[in-house]
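Engineer: So that we are looking at the same thing, I have put the structure below in structure tokens.
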Amino acid sequence: MAAKLSGSGGGKGGVDAMSEINVTPFVDVMLVLLIIFMVAAPLASVTVQVVLPPAVSKPGTNPPKPVYISIQNSGRLYIGDFATDLSTLGDDLRKSIGTKRNPGKERIFIRADKDVMYGDFMGVMNMLQDNGFYSVALVGEDKQS
């Protein structure tokens, strides 16, 4: 409980209880949290633009940190937001998942534009298998009924 010590007022000894709450620390904490969330929110999403084909199946659960490979209509490849090419896809993917995760059990999510050539898509799939990535999930846009 806070007390007000002043020479004026309120009875013996001049000690009165303060009735105001100091909100400055609360506002400071809220501003820090706001800044943290404003910085962290853009990092949590993939910014590579692709037009996804519709998916009819029920969405599955995601691993703790999913790894996305994006294939644009032009054939450009991305791991997350970082550009790569077919020849270095395996090495870049290993760098992306780190050393603590097993490539054989790691699920790789592929996001491909609906107009991507089938040969480009199969080239990515073959490169993943050649580098030991056998669990692949295809990402589609949820179809609204």
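Chain identifiers are assigned as A, B, and so on, following the order in which chains appear in the structure tokens; residues are numbered from 1 within each chain, and ligands are numbered from 1 in order of appearance.
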Please, which residues of chain A, numbered as in this document, come out strand (DSSP E or B) from DSSP, as a PDB file with N, CA, C and O atoms, in the first residue's frame?

Structural biologist:
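Writing the result to out.pdb gives the following:
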```
ATOM      1  N   ALA A   3       1.781   5.243   0.490  1.00  0.00           N
ATOM      2  CA  ALA A   3       1.431   6.285   1.460  1.00  0.00           C
ATOM      3  C   ALA A   3       1.917   7.616   0.944  1.00  0.00           C
ATOM      4  O   ALA A   3       2.904   7.699   0.214  1.00  0.00           O
ATOM      5  N   LYS A   4       1.237   8.654   1.366  1.00  0.00           N
ATOM      6  CA  LYS A   4       1.584  10.012   0.961  1.00  0.00           C
ATOM      7  C   LYS A   4       2.133  10.714   2.194  1.00  0.00           C
ATOM      8  O   LYS A   4       1.447  10.849   3.200  1.00  0.00           O
ATOM      9  N   LEU A   5       3.383  11.122   2.121  1.00  0.00           N
ATOM     10  CA  LEU A   5       4.017  11.803   3.244  1.00  0.00           C
ATOM     11  C   LEU A   5       4.131  13.277   2.905  1.00  0.00           C
ATOM     12  O   LEU A   5       4.909  13.669   2.064  1.00  0.00           O
ATOM     13  N   VAL A  15      -0.113  11.109   7.412  1.00  0.00           N
ATOM     14  CA  VAL A  15       0.057   9.982   6.499  1.00  0.00           C
ATOM     15  C   VAL A  15      -1.307   9.612   5.943  1.00  0.00           C
ATOM     16  O   VAL A  15      -2.203   9.226   6.686  1.00  0.00           O
ATOM     17  N   ASP A  16      -1.481   9.763   4.592  1.00  0.00           N
ATOM     18  CA  ASP A  16      -2.737   9.418   3.926  1.00  0.00           C
ATOM     19  C   ASP A  16      -2.462   8.341   2.884  1.00  0.00           C
ATOM     20  O   ASP A  16      -1.396   8.294   2.273  1.00  0.00           O
ATOM     21  N   ALA A  17      -3.405   7.458   2.644  1.00  0.00           N
ATOM     22  CA  ALA A  17      -3.279   6.434   1.602  1.00  0.00           C
ATOM     23  C   ALA A  17      -3.514   7.064   0.238  1.00  0.00           C
ATOM     24  O   ALA A  17      -4.406   7.891   0.075  1.00  0.00           O
ATOM     25  N   PRO A  54      -6.830 -25.326 -55.680  1.00  0.00           N
ATOM     26  CA  PRO A  54      -7.696 -25.662 -54.542  1.00  0.00           C
ATOM     27  C   PRO A  54      -7.461 -27.082 -54.048  1.00  0.00           C
ATOM     28  O   PRO A  54      -7.142 -27.982 -54.814  1.00  0.00           O
ATOM     29  N   ALA A  55      -7.626 -27.274 -52.732  1.00  0.00           N
ATOM     30  CA  ALA A  55      -7.530 -28.590 -52.104  1.00  0.00           C
ATOM     31  C   ALA A  55      -8.868 -28.917 -51.466  1.00  0.00           C
ATOM     32  O   ALA A  55      -9.505 -28.060 -50.868  1.00  0.00           O
ATOM     33  N   VAL A  67       9.008 -26.720 -43.071  1.00  0.00           N
ATOM     34  CA  VAL A  67       9.925 -26.267 -44.118  1.00  0.00           C
ATOM     35  C   VAL A  67       9.130 -26.227 -45.422  1.00  0.00           C
ATOM     36  O   VAL A  67       8.578 -27.230 -45.854  1.00  0.00           O
ATOM     37  N   TYR A  68       9.051 -25.036 -46.024  1.00  0.00           N
ATOM     38  CA  TYR A  68       8.302 -24.844 -47.254  1.00  0.00           C
ATOM     39  C   TYR A  68       9.251 -24.649 -48.424  1.00  0.00           C
ATOM     40  O   TYR A  68      10.185 -23.867 -48.350  1.00  0.00           O
ATOM     41  N   ILE A  69       8.968 -25.368 -49.509  1.00  0.00           N
ATOM     42  CA  ILE A  69       9.627 -25.118 -50.787  1.00  0.00           C
ATOM     43  C   ILE A  69       8.553 -24.511 -51.687  1.00  0.00           C
ATOM     44  O   ILE A  69       7.478 -25.089 -51.856  1.00  0.00           O
ATOM     45  N   SER A  70       8.827 -23.346 -52.225  1.00  0.00           N
ATOM     46  CA  SER A  70       7.871 -22.671 -53.101  1.00  0.00           C
ATOM     47  C   SER A  70       8.394 -22.701 -54.530  1.00  0.00           C
ATOM     48  O   SER A  70       9.569 -22.436 -54.770  1.00  0.00           O
ATOM     49  N   ILE A  71       7.510 -23.047 -55.459  1.00  0.00           N
ATOM     50  CA  ILE A  71       7.849 -23.048 -56.880  1.00  0.00           C
ATOM     51  C   ILE A  71       6.939 -22.024 -57.555  1.00  0.00           C
ATOM     52  O   ILE A  71       5.724 -22.188 -57.562  1.00  0.00           O
ATOM     53  N   LEU A  77      12.760 -21.296 -57.502  1.00  0.00           N
ATOM     54  CA  LEU A  77      12.597 -22.084 -56.281  1.00  0.00           C
ATOM     55  C   LEU A  77      12.970 -21.260 -55.060  1.00  0.00           C
ATOM     56  O   LEU A  77      13.919 -20.471 -55.102  1.00  0.00           O
ATOM     57  N   TYR A  78      12.249 -21.488 -53.971  1.00  0.00           N
ATOM     58  CA  TYR A  78      12.525 -20.829 -52.697  1.00  0.00           C
ATOM     59  C   TYR A  78      12.397 -21.843 -51.577  1.00  0.00           C
ATOM     60  O   TYR A  78      11.519 -22.700 -51.608  1.00  0.00           O
ATOM     61  N   ILE A  79      13.283 -21.735 -50.600  1.00  0.00           N
ATOM     62  CA  ILE A  79      13.134 -22.471 -49.344  1.00  0.00           C
ATOM     63  C   ILE A  79      12.768 -21.417 -48.315  1.00  0.00           C
ATOM     64  O   ILE A  79      13.595 -20.576 -47.962  1.00  0.00           O
ATOM     65  N   PHE A  82      13.966 -17.695 -48.984  1.00  0.00           N
ATOM     66  CA  PHE A  82      15.303 -17.591 -49.569  1.00  0.00           C
ATOM     67  C   PHE A  82      15.358 -18.325 -50.904  1.00  0.00           C
ATOM     68  O   PHE A  82      14.989 -19.485 -51.006  1.00  0.00           O
ATOM     69  N   ALA A  83      15.848 -17.635 -51.921  1.00  0.00           N
ATOM     70  CA  ALA A  83      15.932 -18.206 -53.265  1.00  0.00           C
ATOM     71  C   ALA A  83      17.002 -19.287 -53.322  1.00  0.00           C
ATOM     72  O   ALA A  83      18.029 -19.213 -52.646  1.00  0.00           O
ATOM     73  N   THR A  84      16.747 -20.307 -54.107  1.00  0.00           N
ATOM     74  CA  THR A  84      17.701 -21.396 -54.341  1.00  0.00           C
ATOM     75  C   THR A  84      17.495 -21.874 -55.774  1.00  0.00           C
ATOM     76  O   THR A  84      16.637 -21.374 -56.487  1.00  0.00           O
ATOM     77  N   ARG A 107       9.348 -33.746 -42.818  1.00  0.00           N
ATOM     78  CA  ARG A 107       8.304 -33.510 -43.821  1.00  0.00           C
ATOM     79  C   ARG A 107       8.562 -32.166 -44.496  1.00  0.00           C
ATOM     80  O   ARG A 107       8.702 -31.149 -43.843  1.00  0.00           O
ATOM     81  N   ILE A 108       8.622 -32.189 -45.807  1.00  0.00           N
ATOM     82  CA  ILE A 108       8.849 -30.985 -46.609  1.00  0.00           C
ATOM     83  C   ILE A 108       7.531 -30.610 -47.277  1.00  0.00           C
ATOM     84  O   ILE A 108       6.901 -31.442 -47.927  1.00  0.00           O
ATOM     85  N   PHE A 109       7.113 -29.366 -47.097  1.00  0.00           N
ATOM     86  CA  PHE A 109       5.874 -28.879 -47.694  1.00  0.00           C
ATOM     87  C   PHE A 109       6.208 -28.161 -48.997  1.00  0.00           C
ATOM     88  O   PHE A 109       7.026 -27.253 -49.013  1.00  0.00           O
ATOM     89  N   ILE A 110       5.563 -28.576 -50.077  1.00  0.00           N
ATOM     90  CA  ILE A 110       5.805 -27.960 -51.383  1.00  0.00           C
ATOM     91  C   ILE A 110       4.600 -27.110 -51.748  1.00  0.00           C
ATOM     92  O   ILE A 110       3.466 -27.596 -51.804  1.00  0.00           O
ATOM     93  N   ARG A 111       4.872 -25.837 -52.008  1.00  0.00           N
ATOM     94  CA  ARG A 111       3.869 -24.876 -52.474  1.00  0.00           C
ATOM     95  C   ARG A 111       4.224 -24.562 -53.921  1.00  0.00           C
ATOM     96  O   ARG A 111       5.273 -24.000 -54.171  1.00  0.00           O
ATOM     97  N   ALA A 112       3.372 -24.931 -54.839  1.00  0.00           N
ATOM     98  CA  ALA A 112       3.654 -24.672 -56.252  1.00  0.00           C
ATOM     99  C   ALA A 112       2.501 -23.907 -56.874  1.00  0.00           C
ATOM    100  O   ALA A 112       1.337 -24.161 -56.563  1.00  0.00           O
ATOM    101  N   SER A 135       9.634 -37.673 -47.142  1.00  0.00           N
ATOM    102  CA  SER A 135       8.307 -37.288 -46.670  1.00  0.00           C
ATOM    103  C   SER A 135       7.964 -35.908 -47.235  1.00  0.00           C
ATOM    104  O   SER A 135       8.549 -34.902 -46.839  1.00  0.00           O
ATOM    105  N   VAL A 136       7.016 -35.901 -48.180  1.00  0.00           N
ATOM    106  CA  VAL A 136       6.669 -34.668 -48.876  1.00  0.00           C
ATOM    107  C   VAL A 136       5.164 -34.441 -48.743  1.00  0.00           C
ATOM    108  O   VAL A 136       4.374 -35.375 -48.865  1.00  0.00           O
ATOM    109  N   ALA A 137       4.786 -33.209 -48.463  1.00  0.00           N
ATOM    110  CA  ALA A 137       3.376 -32.836 -48.412  1.00  0.00           C
ATOM    111  C   ALA A 137       3.139 -31.713 -49.411  1.00  0.00           C
ATOM    112  O   ALA A 137       3.968 -30.831 -49.560  1.00  0.00           O
ATOM    113  N   LEU A 138       2.019 -31.778 -50.113  1.00  0.00           N
ATOM    114  CA  LEU A 138       1.684 -30.762 -51.097  1.00  0.00           C
ATOM    115  C   LEU A 138       0.680 -29.795 -50.480  1.00  0.00           C
ATOM    116  O   LEU A 138      -0.307 -30.205 -49.877  1.00  0.00           O
ATOM    117  N   VAL A 139       0.933 -28.502 -50.636  1.00  0.00           N
ATOM    118  CA  VAL A 139       0.084 -27.474 -50.058  1.00  0.00           C
ATOM    119  C   VAL A 139      -0.849 -26.953 -51.135  1.00  0.00           C
ATOM    120  O   VAL A 139      -0.418 -26.628 -52.235  1.00  0.00           O
ATOM    121  N   GLU A 141      -4.651 -24.512 -51.699  1.00  0.00           N
ATOM    122  CA  GLU A 141      -5.534 -23.524 -51.076  1.00  0.00           C
ATOM    123  C   GLU A 141      -6.827 -24.210 -50.658  1.00  0.00           C
ATOM    124  O   GLU A 141      -7.400 -25.000 -51.403  1.00  0.00           O
ATOM    125  N   ASP A 142      -7.289 -23.937 -49.440  1.00  0.00           N
ATOM    126  CA  ASP A 142      -8.531 -24.543 -48.964  1.00  0.00           C
ATOM    127  C   ASP A 142      -9.705 -24.011 -49.770  1.00  0.00           C
ATOM    128  O   ASP A 142      -9.878 -22.800 -49.911  1.00  0.00           O
TER     129      ASP A 142
END
```

Engineer: How would you write, as a VMD selection string, the set of residues in segment 2-143 of chain A that DSSP gives as helix (DSSP H, G or I)?

Structural biologist: chain A and resid 12 to 14 24 to 40 42 to 44 86 to 97 118 to 130

Engineer: Show which residues sit within 8 Å of Glu106 of chain A, as a PDB file with all heavy atoms, in the first residue's frame. Count only C-alpha atoms, and ignore same-chain residues fewer than 3 positions away.

Structural biologist:
```pdb
ATOM      1  N   ARG A 101      17.733 -32.233 -36.851  1.00  0.00           N
ATOM      2  CA  ARG A 101      16.572 -32.909 -37.428  1.00  0.00           C
ATOM      3  C   ARG A 101      17.019 -33.900 -38.485  1.00  0.00           C
ATOM      4  O   ARG A 101      17.922 -33.633 -39.263  1.00  0.00           O
ATOM      5  CB  ARG A 101      15.622 -31.873 -38.011  1.00  0.00           C
ATOM      6  CG  ARG A 101      15.016 -30.985 -36.923  1.00  0.00           C
ATOM      7  CD  ARG A 101      14.465 -29.707 -37.438  1.00  0.00           C
ATOM      8  NE  ARG A 101      13.108 -29.808 -37.945  1.00  0.00           N
ATOM      9  CZ  ARG A 101      12.420 -28.754 -38.352  1.00  0.00           C
ATOM     10  NH1 ARG A 101      12.930 -27.556 -38.323  1.00  0.00           N
ATOM     11  NH2 ARG A 101      11.204 -28.908 -38.803  1.00  0.00           N
ATOM     12  N   ASN A 102      16.366 -35.046 -38.534  1.00  0.00           N
ATOM     13  CA  ASN A 102      16.707 -36.131 -39.448  1.00  0.00           C
ATOM     14  C   ASN A 102      16.057 -35.885 -40.817  1.00  0.00           C
ATOM     15  O   ASN A 102      14.837 -35.815 -40.915  1.00  0.00           O
ATOM     16  CB  ASN A 102      16.212 -37.452 -38.855  1.00  0.00           C
ATOM     17  CG  ASN A 102      16.562 -38.639 -39.719  1.00  0.00           C
ATOM     18  OD1 ASN A 102      17.242 -38.516 -40.723  1.00  0.00           O
ATOM     19  ND2 ASN A 102      16.105 -39.804 -39.304  1.00  0.00           N
ATOM     20  N   PRO A 103      16.859 -35.751 -41.896  1.00  0.00           N
ATOM     21  CA  PRO A 103      16.282 -35.497 -43.221  1.00  0.00           C
ATOM     22  C   PRO A 103      15.335 -36.605 -43.689  1.00  0.00           C
ATOM     23  O   PRO A 103      14.372 -36.343 -44.383  1.00  0.00           O
ATOM     24  CB  PRO A 103      17.490 -35.409 -44.144  1.00  0.00           C
ATOM     25  CG  PRO A 103      18.659 -35.183 -43.266  1.00  0.00           C
ATOM     26  CD  PRO A 103      18.312 -35.757 -41.928  1.00  0.00           C
ATOM     27  N   PHE A 133      15.221 -36.857 -48.712  1.00  0.00           N
ATOM     28  CA  PHE A 133      13.980 -36.306 -48.169  1.00  0.00           C
ATOM     29  C   PHE A 133      12.819 -37.072 -48.790  1.00  0.00           C
ATOM     30  O   PHE A 133      12.480 -36.863 -49.949  1.00  0.00           O
ATOM     31  CB  PHE A 133      13.870 -34.806 -48.481  1.00  0.00           C
ATOM     32  CG  PHE A 133      14.933 -33.987 -47.817  1.00  0.00           C
ATOM     33  CD1 PHE A 133      16.078 -33.629 -48.501  1.00  0.00           C
ATOM     34  CD2 PHE A 133      14.792 -33.579 -46.501  1.00  0.00           C
ATOM     35  CE1 PHE A 133      17.062 -32.866 -47.894  1.00  0.00           C
ATOM     36  CE2 PHE A 133      15.758 -32.827 -45.883  1.00  0.00           C
ATOM     37  CZ  PHE A 133      16.900 -32.474 -46.579  1.00  0.00           C
ATOM     38  N   TYR A 134      12.218 -37.985 -48.016  1.00  0.00           N
ATOM     39  CA  TYR A 134      11.199 -38.880 -48.559  1.00  0.00           C
ATOM     40  C   TYR A 134       9.783 -38.507 -48.130  1.00  0.00           C
ATOM     41  O   TYR A 134       8.829 -39.005 -48.707  1.00  0.00           O
ATOM     42  CB  TYR A 134      11.497 -40.322 -48.145  1.00  0.00           C
ATOM     43  CG  TYR A 134      12.828 -40.803 -48.661  1.00  0.00           C
ATOM     44  CD1 TYR A 134      13.883 -41.022 -47.801  1.00  0.00           C
ATOM     45  CD2 TYR A 134      13.028 -40.991 -50.021  1.00  0.00           C
ATOM     46  CE1 TYR A 134      15.117 -41.445 -48.277  1.00  0.00           C
ATOM     47  CE2 TYR A 134      14.253 -41.408 -50.501  1.00  0.00           C
ATOM     48  CZ  TYR A 134      15.281 -41.628 -49.622  1.00  0.00           C
ATOM     49  OH  TYR A 134      16.504 -42.040 -50.104  1.00  0.00           O
ATOM     50  N   SER A 135       9.634 -37.673 -47.142  1.00  0.00           N
ATOM     51  CA  SER A 135       8.307 -37.288 -46.670  1.00  0.00           C
ATOM     52  C   SER A 135       7.964 -35.908 -47.235  1.00  0.00           C
ATOM     53  O   SER A 135       8.549 -34.902 -46.839  1.00  0.00           O
ATOM     54  CB  SER A 135       8.282 -37.266 -45.143  1.00  0.00           C
ATOM     55  OG  SER A 135       7.008 -36.912 -44.682  1.00  0.00           O
TER      56      SER A 135
END
```

Engineer: For a quick check of understanding, using only C-alpha atoms, which of A:Asn126, A:Gln72, A:Asn131, A:Thr99 has the smallest distance to Asp113 of chain A?

Structural biologist: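 Of all the options, A:Gln72 lies closest to Asp113 of chain A.
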
Engineer: In Å, rounded to a single decimal, give me how far atom CA of Phe26 of chain A is from atom CA of Ser45 of chain A.

Structural biologist: 29.5 Å

Engineer: Between A:Leu31, A:Met122, A:Val50, A:Met127, single out the one closest to Asn73 of chain A, counting only C-alpha atoms.

Structural biologist: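 Smallest distance to Asn73 of chain A is found for A:Val50.
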
Engineer: Figure out the distance between atom CA of Phe121 of chain A and atom CA of Gly90 of chain A, please, to one decimal in Å.

Structural biologist: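 Calculated distance between atom CA of Gly90 of chain A and atom CA of Phe121 of chain A is 15.0 Å.
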